[in-house]
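Student: Below you will find the structure I want to go over with you.
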Amino acid sequence: MEQIKNRADIENLVNSFYSKIREDDMLGPIFNSHIPNDMWKVHLDKLSDFWETNLFGVAKFKGSPTQKHINVDKTLIMELSKTLWEVARTLV
């Protein structure tokens, strides 16, 4: 994997990774049930803002990802297992 140098690199990685997540048999249903089809572009842009802010110090991201994920976790029937994290790691 090449080094991330700019926003375009971040967007390529985020879009590629989440495209694979959405199609995955285990992870796709989790993500797709929380993010409607018409909101994926907005979500991917926000993720790119998050990483651009954290990697390059560009003040773009505004929000509380921890609180959002806590709220999502409350709605899950299953526990996020080590298996799901392993699946996600293989998609990068």
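Ligands are numbered from 1 in the order shown, residues from 1 within each chain, and chains are lettered A, B, ... in the order they appear in the structure tokens.
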For range 33-42 of chain A, find every residue with an atom within 12 Å (counting only C-alpha atoms), except residues of its own chain fewer than 6 positions away, and show them as a list in words.

Tutor: Glu11, Val14, Asn15, Tyr18, Ser19, Ile21, Arg22, Leu27, Ser48, Asp49, Lys68, His69, Asn71, Val72, Asp73, Lys74, Thr75 and Leu76 of chain A

Student: With DSSP run on the backbone, what are the alpha helix (DSSP H) residues within chain A? I'd like them as a count of residues only.

Tutor: 61

Student: Mind pulling up the distance from CA of Lys46 in chain A to CA of Ile30 in chain A?

Tutor: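 One can read the CA of Ile30 in chain A to CA of Lys46 in chain A distance as 18.6 Å.
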
Student: Can you list, as a PyMOL selection string, every protein, DNA or RNA residue that comes within 10 Å of range 58-64 of chain A when you count only C-alpha atoms, leaving out same-chain residues fewer than 2 positions away?

Tutor: chain A and resi 7+45-56+66-69

Student: If you count only C-alpha atoms, which residues fall within 10 Å of Ala88 in chain A, apart from same-chain ones fewer than 4 positions away, as a count of residues only?

Tutor: 11
